[in-house]
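What follows is a single structure, written as structure tokens, with notes after it.
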Amino acid sequence: MTVRLDFGAVLVDWPLLARGAGLTLGLTAVAAVLGVALGVACARARTHGPAPLRAAVATYVEAIRNTPFIVQLFFVFFGLPSLGVRLEPAAASVIAMVLNLGAYAAEIVRAGLEGTPRGQVEAARSLALSEAQVFLRVVLPPALGRVWPALASQVVIVMLGSAVCGQIATQELSYYANLIQSRNFRAFEATLVATAMYLALAVAVRQALAWVGPRWLFGRAPGARR
Amino acid sequence: MIRRLTLVLAAALLASHAQAQGALDALLAKKSISIAIPTDYAPYGFVGTDLKPQGLDIDMANLIAAKLGVQAELVPVTSANRIPYLQTHKVDLVISTLGKTAEREKVIAFASAYSPYFQAVFGPKTLPIKAPADLAGKTIAVTRGALEDVELSKIAPASADIRRFEDNNATVAAYVSGQVQVIATGASVAGNMMVRNPQLPVEYKLLLKDSPNFIGVAQGEDKLLARVDEIVAAAKAAGELDRLSLKWLGRPAGELPR
């Protein structure tokens, strides 16, 4: 058996690959923002909310964390229409990704919240800050700072997981890679190219998050060297 | 260094070539042949209530193995991955509703046809579709890499929203759940879909291609290909192909190209 590699046959379709990579990044960006926001809300609910809300959030977190992503995706895309909710493939993908990331982020952020020294909260309350102010300005930023590397990893995992969104005809990177190989039968080359592109995207997303976090979300850690 | 590398490569090529020529001998010696079959394409190949694959393609695979006097090792594949399976020699034959196209002939070889088949666009009765131009603006589900995908991509207007799914089950699920307006698929799949979902108003709209199923063989396996051709010709003469088509499709095989 002879395998001759012909990357030209795959790379000639670079506009498709670029479009796919663009949608993968777009899906990931939306999912990251909404998913982390959902995660923060769930973490807050699970640490401070009333008992029924805590139970509801715990159920959601466990249900998502103990089922495969592709099943969640199929549920949103093939299951929801029976309830009268019809979604475009891309919209269904984003919803599944947000739900998935939200559950994992909830647990990661909760770990950060629970690491907050009591004294800080008490000091903030003694300055007559409202509960919302205490949470958003005193507790959350350093908590996010503590768990940011873990959150960034989770976002990257969700982005890589989005490769299965092609299964419901979402036109992301793996969808186009599969489309190209079904046209020219260069399966190995198409997979290698897609792998390299996912690797580059993952590194880029990780770098971007490492840049964005300290600047926009929680500030540089006190005492950190300039 | 480069010369040595070239020598090693040349030796590897020769060795692999010799091995490729011997696929028939190898499988006869091993007493087993691996054949790619569908499990998502009733009645050609599907999983029965006993969780075993069954269907026309499975019967055909078993028939060929029996005539060769070897054990059949059935490998479930999808429309999208059956050709890579053959290219990488994971299987000896593909008997998986494989239609013959010029593009496919560049990468694999085809033995005789063994059963009839056609692909078409199906949709609800309320949606008037008489010509390819009527597909403009419609969402269409199709299985990526299948023949109907290739044909549909040729005739569909640019504004048609073609959604390509990984396998036939996902394609059918997309149509049944209402995520798309029409579906492009094989006649048997559509027939099966109608039987299982009687509430669904589906009808035949547009012929994409009349394409009998062929047996796929890896390129260079000339001995294996010749032997398979012999077996199919004998089965056709003995009426076995007609019997298979009658059993699964409800009509005889009819005229099949070699």
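Here's how to read the names in the structure tokens: chain A, B, ... by the order shown, residue numbers from 1 in each chain, ligand numbers from 1 in the order shown.
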Next on the checklist: Using DSSP secondary structure from the backbone, list all helix (DSSP H, G or I) positions within segment 72-234 of chain B, as a ChimeraX atom specification.
Outcome noted: /B:82-87,102-107,132-135,147-155,168-176,187-196,222-234
Identify every residue of chain B that has at least one atom within 10 Å of any atom of chain A, counting only C-alpha atoms, and report the result as an mmCIF file with N, CA and C atoms, in the first residue's frame.
```cif
data_model
loop_
_atom_site.group_PDB
_atom_site.id
_atom_site.type_symbol
_atom_site.label_atom_id
_atom_site.label_comp_id
_atom_site.auth_asym_id
_atom_site.auth_seq_id
_atom_site.Cartn_x
_atom_site.Cartn_y
_atom_site.Cartn_z
ATOM 1 N N ALA B 12 10.408 0.076 -0.171
ATOM 2 C CA ALA B 12 9.108 0.061 0.505
ATOM 3 C C ALA B 12 7.984 0.033 -0.515
ATOM 4 N N LEU B 13 8.153 0.815 -1.586
ATOM 5 C CA LEU B 13 7.133 0.852 -2.635
ATOM 6 C C LEU B 13 6.981 -0.515 -3.280
ATOM 7 N N LEU B 14 8.128 -1.122 -3.603
ATOM 8 C CA LEU B 14 8.094 -2.444 -4.222
ATOM 9 C C LEU B 14 7.416 -3.447 -3.309
ATOM 10 N N ALA B 15 7.817 -3.407 -2.031
ATOM 11 C CA ALA B 15 7.265 -4.357 -1.067
ATOM 12 C C ALA B 15 5.759 -4.180 -0.973
ATOM 13 N N SER B 16 5.327 -2.918 -0.896
ATOM 14 C CA SER B 16 3.895 -2.686 -0.731
ATOM 15 C C SER B 16 3.158 -3.077 -1.998
ATOM 16 N N HIS B 17 3.823 -2.880 -3.156
ATOM 17 C CA HIS B 17 3.203 -3.255 -4.410
ATOM 18 C C HIS B 17 2.973 -4.770 -4.443
ATOM 19 N N ALA B 18 4.047 -5.501 -4.045
ATOM 20 C CA ALA B 18 3.937 -6.958 -4.039
ATOM 21 C C ALA B 18 2.809 -7.388 -3.114
ATOM 22 N N GLN B 19 2.710 -6.703 -1.977
ATOM 23 C CA GLN B 19 1.682 -7.056 -1.016
ATOM 24 C C GLN B 19 0.297 -6.776 -1.593
ATOM 25 N N ALA B 20 0.186 -5.617 -2.310
ATOM 26 C CA ALA B 20 -1.102 -5.236 -2.876
ATOM 27 C C ALA B 20 -1.577 -6.280 -3.886
ATOM 28 N N GLN B 21 -0.664 -6.759 -4.727
ATOM 29 C CA GLN B 21 -1.045 -7.748 -5.716
ATOM 30 C C GLN B 21 -1.590 -9.007 -5.054
ATOM 31 N N SER B 79 -21.352 6.660 4.569
ATOM 32 C CA SER B 79 -21.133 7.128 3.200
ATOM 33 C C SER B 79 -19.823 7.890 3.105
ATOM 34 N N ALA B 80 -19.521 8.666 4.164
ATOM 35 C CA ALA B 80 -18.353 9.555 4.102
ATOM 36 C C ALA B 80 -17.042 8.798 4.235
ATOM 37 N N ASN B 81 -16.998 7.688 4.989
ATOM 38 C CA ASN B 81 -15.689 7.074 5.240
ATOM 39 C C ASN B 81 -15.453 5.766 4.489
ATOM 40 N N ILE B 83 -14.839 5.113 1.300
ATOM 41 C CA ILE B 83 -13.734 5.133 0.335
ATOM 42 C C ILE B 83 -12.379 5.222 1.035
ATOM 43 N N PRO B 84 -12.219 6.095 2.052
ATOM 44 C CA PRO B 84 -10.962 6.033 2.831
ATOM 45 C C PRO B 84 -10.668 4.647 3.410
ATOM 46 N N TYR B 85 -11.694 3.914 3.830
ATOM 47 C CA TYR B 85 -11.462 2.559 4.359
ATOM 48 C C TYR B 85 -10.827 1.664 3.300
ATOM 49 N N GLN B 87 -9.164 2.807 0.560
ATOM 50 C CA GLN B 87 -7.855 3.370 0.198
ATOM 51 C C GLN B 87 -6.768 2.959 1.183
ATOM 52 N N THR B 88 -7.127 2.891 2.456
ATOM 53 C CA THR B 88 -6.119 2.573 3.473
ATOM 54 C C THR B 88 -6.088 1.074 3.754
ATOM 55 N N HIS B 89 -6.772 0.284 2.926
ATOM 56 C CA HIS B 89 -6.744 -1.178 3.023
ATOM 57 C C HIS B 89 -7.250 -1.697 4.359
ATOM 58 N N GLU B 103 -14.955 10.678 -10.578
ATOM 59 C CA GLU B 103 -14.036 11.083 -9.500
ATOM 60 C C GLU B 103 -13.619 9.869 -8.682
ATOM 61 N N ARG B 104 -14.586 9.010 -8.378
ATOM 62 C CA ARG B 104 -14.263 7.840 -7.559
ATOM 63 C C ARG B 104 -13.369 6.875 -8.320
ATOM 64 N N LYS B 106 -10.987 7.545 -10.054
ATOM 65 C CA LYS B 106 -9.593 7.963 -9.977
ATOM 66 C C LYS B 106 -8.898 7.359 -8.768
ATOM 67 N N VAL B 107 -9.652 7.030 -7.731
ATOM 68 C CA VAL B 107 -8.998 6.595 -6.493
ATOM 69 C C VAL B 107 -9.285 5.142 -6.116
ATOM 70 N N ILE B 108 -10.370 4.557 -6.617
ATOM 71 C CA ILE B 108 -10.613 3.137 -6.354
ATOM 72 C C ILE B 108 -11.051 2.463 -7.654
ATOM 73 N N ALA B 141 -31.519 18.793 3.131
ATOM 74 C CA ALA B 141 -30.632 17.897 3.869
ATOM 75 C C ALA B 141 -30.071 16.843 2.918
ATOM 76 N N VAL B 142 -28.785 16.552 3.074
ATOM 77 C CA VAL B 142 -28.159 15.530 2.248
ATOM 78 C C VAL B 142 -27.006 14.937 3.053
ATOM 79 N N THR B 143 -26.662 13.685 2.750
ATOM 80 C CA THR B 143 -25.541 13.059 3.450
ATOM 81 C C THR B 143 -24.240 13.412 2.744
ATOM 82 N N ARG B 144 -23.321 13.987 3.512
ATOM 83 C CA ARG B 144 -22.079 14.462 2.924
ATOM 84 C C ARG B 144 -21.285 13.319 2.293
ATOM 85 N N GLY B 145 -20.797 13.551 1.084
ATOM 86 C CA GLY B 145 -19.952 12.559 0.434
ATOM 87 C C GLY B 145 -20.738 11.513 -0.335
ATOM 88 N N ALA B 146 -22.059 11.444 -0.115
ATOM 89 C CA ALA B 146 -22.874 10.480 -0.860
ATOM 90 C C ALA B 146 -23.059 10.991 -2.285
ATOM 91 N N ASP B 149 -25.179 13.955 -2.838
ATOM 92 C CA ASP B 149 -24.538 15.231 -2.499
ATOM 93 C C ASP B 149 -23.856 15.807 -3.741
ATOM 94 N N VAL B 150 -23.112 14.939 -4.434
ATOM 95 C CA VAL B 150 -22.386 15.382 -5.631
ATOM 96 C C VAL B 150 -23.373 15.871 -6.694
ATOM 97 N N ILE B 162 -27.835 24.083 1.119
ATOM 98 C CA ILE B 162 -27.582 22.642 1.245
ATOM 99 C C ILE B 162 -26.924 22.372 2.583
ATOM 100 N N ARG B 163 -27.585 21.571 3.414
ATOM 101 C CA ARG B 163 -27.007 21.227 4.721
ATOM 102 C C ARG B 163 -26.537 19.783 4.675
ATOM 103 N N ARG B 164 -25.230 19.598 4.853
ATOM 104 C CA ARG B 164 -24.649 18.259 4.706
ATOM 105 C C ARG B 164 -24.453 17.614 6.063
ATOM 106 N N PHE B 165 -25.022 16.441 6.221
ATOM 107 C CA PHE B 165 -24.929 15.734 7.497
ATOM 108 C C PHE B 165 -23.986 14.552 7.385
ATOM 109 N N GLU B 166 -23.558 14.094 8.561
ATOM 110 C CA GLU B 166 -22.501 13.093 8.626
ATOM 111 C C GLU B 166 -22.960 11.721 8.108
ATOM 112 N N ASP B 167 -24.150 11.292 8.471
ATOM 113 C CA ASP B 167 -24.621 9.999 7.975
ATOM 114 C C ASP B 167 -26.113 10.075 7.657
ATOM 115 N N ALA B 170 -28.651 10.996 10.470
ATOM 116 C CA ALA B 170 -28.729 12.418 10.805
ATOM 117 C C ALA B 170 -29.492 13.173 9.723
ATOM 118 N N THR B 171 -29.276 12.797 8.454
ATOM 119 C CA THR B 171 -29.973 13.462 7.350
ATOM 120 C C THR B 171 -31.478 13.255 7.471
ATOM 121 N N ALA B 173 -33.091 12.369 10.192
ATOM 122 C CA ALA B 173 -33.565 13.009 11.420
ATOM 123 C C ALA B 173 -33.789 14.500 11.193
ATOM 124 N N ALA B 174 -32.904 15.135 10.409
ATOM 125 C CA ALA B 174 -33.042 16.568 10.134
ATOM 126 C C ALA B 174 -34.354 16.834 9.390
ATOM 127 N N TYR B 175 -34.708 15.934 8.450
ATOM 128 C CA TYR B 175 -35.947 16.141 7.701
ATOM 129 C C TYR B 175 -37.169 15.839 8.571
ATOM 130 N N VAL B 176 -37.106 14.721 9.271
ATOM 131 C CA VAL B 176 -38.256 14.299 10.077
ATOM 132 C C VAL B 176 -38.540 15.325 11.177
ATOM 133 N N SER B 177 -37.482 15.910 11.768
ATOM 134 C CA SER B 177 -37.695 16.873 12.852
ATOM 135 C C SER B 177 -38.052 18.256 12.303
ATOM 136 N N GLY B 178 -38.065 18.395 10.976
ATOM 137 C CA GLY B 178 -38.490 19.668 10.406
ATOM 138 C C GLY B 178 -37.400 20.717 10.327
ATOM 139 N N GLN B 179 -36.146 20.316 10.506
ATOM 140 C CA GLN B 179 -35.050 21.285 10.448
ATOM 141 C C GLN B 179 -34.746 21.716 9.011
ATOM 142 N N VAL B 180 -35.187 20.941 8.046
ATOM 143 C CA VAL B 180 -34.970 21.304 6.649
ATOM 144 C C VAL B 180 -36.286 21.136 5.899
ATOM 145 N N ALA B 218 -9.933 -1.933 -4.010
ATOM 146 C CA ALA B 218 -8.797 -1.015 -4.003
ATOM 147 C C ALA B 218 -8.084 -1.076 -5.340
ATOM 148 N N GLN B 219 -7.488 0.049 -5.747
ATOM 149 C CA GLN B 219 -6.749 0.067 -7.009
ATOM 150 C C GLN B 219 -5.573 -0.886 -6.947
ATOM 151 N N GLY B 220 -5.324 -1.579 -8.064
ATOM 152 C CA GLY B 220 -4.180 -2.481 -8.124
ATOM 153 C C GLY B 220 -4.515 -3.910 -7.724
#
```
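The closest residue to Arg206 of chain A, picked from A:Ala21, A:Ala32, A:Ala9, A:Val121 and counting only C-alpha atoms, is A:Ala32.
Among the candidates B:Glu148, B:Ala102, B:Ile183, B:Asn169, the residue lying nearest to Thr39 of chain B is B:Asn169 (atoms considered: only C-alpha atoms).
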Checklist entry - Which residues come within 8 Å of segment 130-138 of chain A, counting only C-alpha atoms, excluding same-chain residues fewer than 4 positions away, as an NGL selection string? => result :A and (120-121 or 124-125 or 142)
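Across the structure, atom CA of Asp40 of chain B and atom CA of Ala66 of chain B are spaced 24.0 Å apart.
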Item to check | Distance query Leu34 of chain A at most 10 Å, only C-alpha atoms, self and fewer than 3 positions along chain excluded, as a PyMOL selection string | outcome: chain A and resi 28-31+37-40+94-95+97-99+101-102
Checklist entry - Excluding same-chain residues fewer than 2 positions from Ala111 of chain B, what lies within 9 Å of it counting only C-alpha atoms, as a ChimeraX atom specification? => result /B:109,113,214-217,225-226,228-229,232,258
Item to check | Neighbour list for segment 72-74 of chain B as number ranges by chain, cut-off 7 Å, only C-alpha atoms, skip fewer than 6 positions in-chain | outcome: B: 32-37, 62, 65
Next on the checklist: Write out as JSON, numbers by chain the set of residues from segment 82-244 of chain B that DSSP, computed on the backbone, places in strand (DSSP E).
Outcome noted: {"B": [93, 94, 95, 96, 97, 98, 108, 109, 110, 111, 112, 113, 114, 115, 118, 119, 120, 121, 122, 123, 139, 140, 141, 142, 143, 161, 162, 163, 164, 165, 182, 183, 184, 185, 186, 203, 204, 205, 206, 207, 208, 209, 210, 213, 214, 215, 216, 217, 218]}
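Taking atom CA of Lys125 of chain B and atom CA of Pro43 of chain B as endpoints, the distance between them is 24.3 Å.
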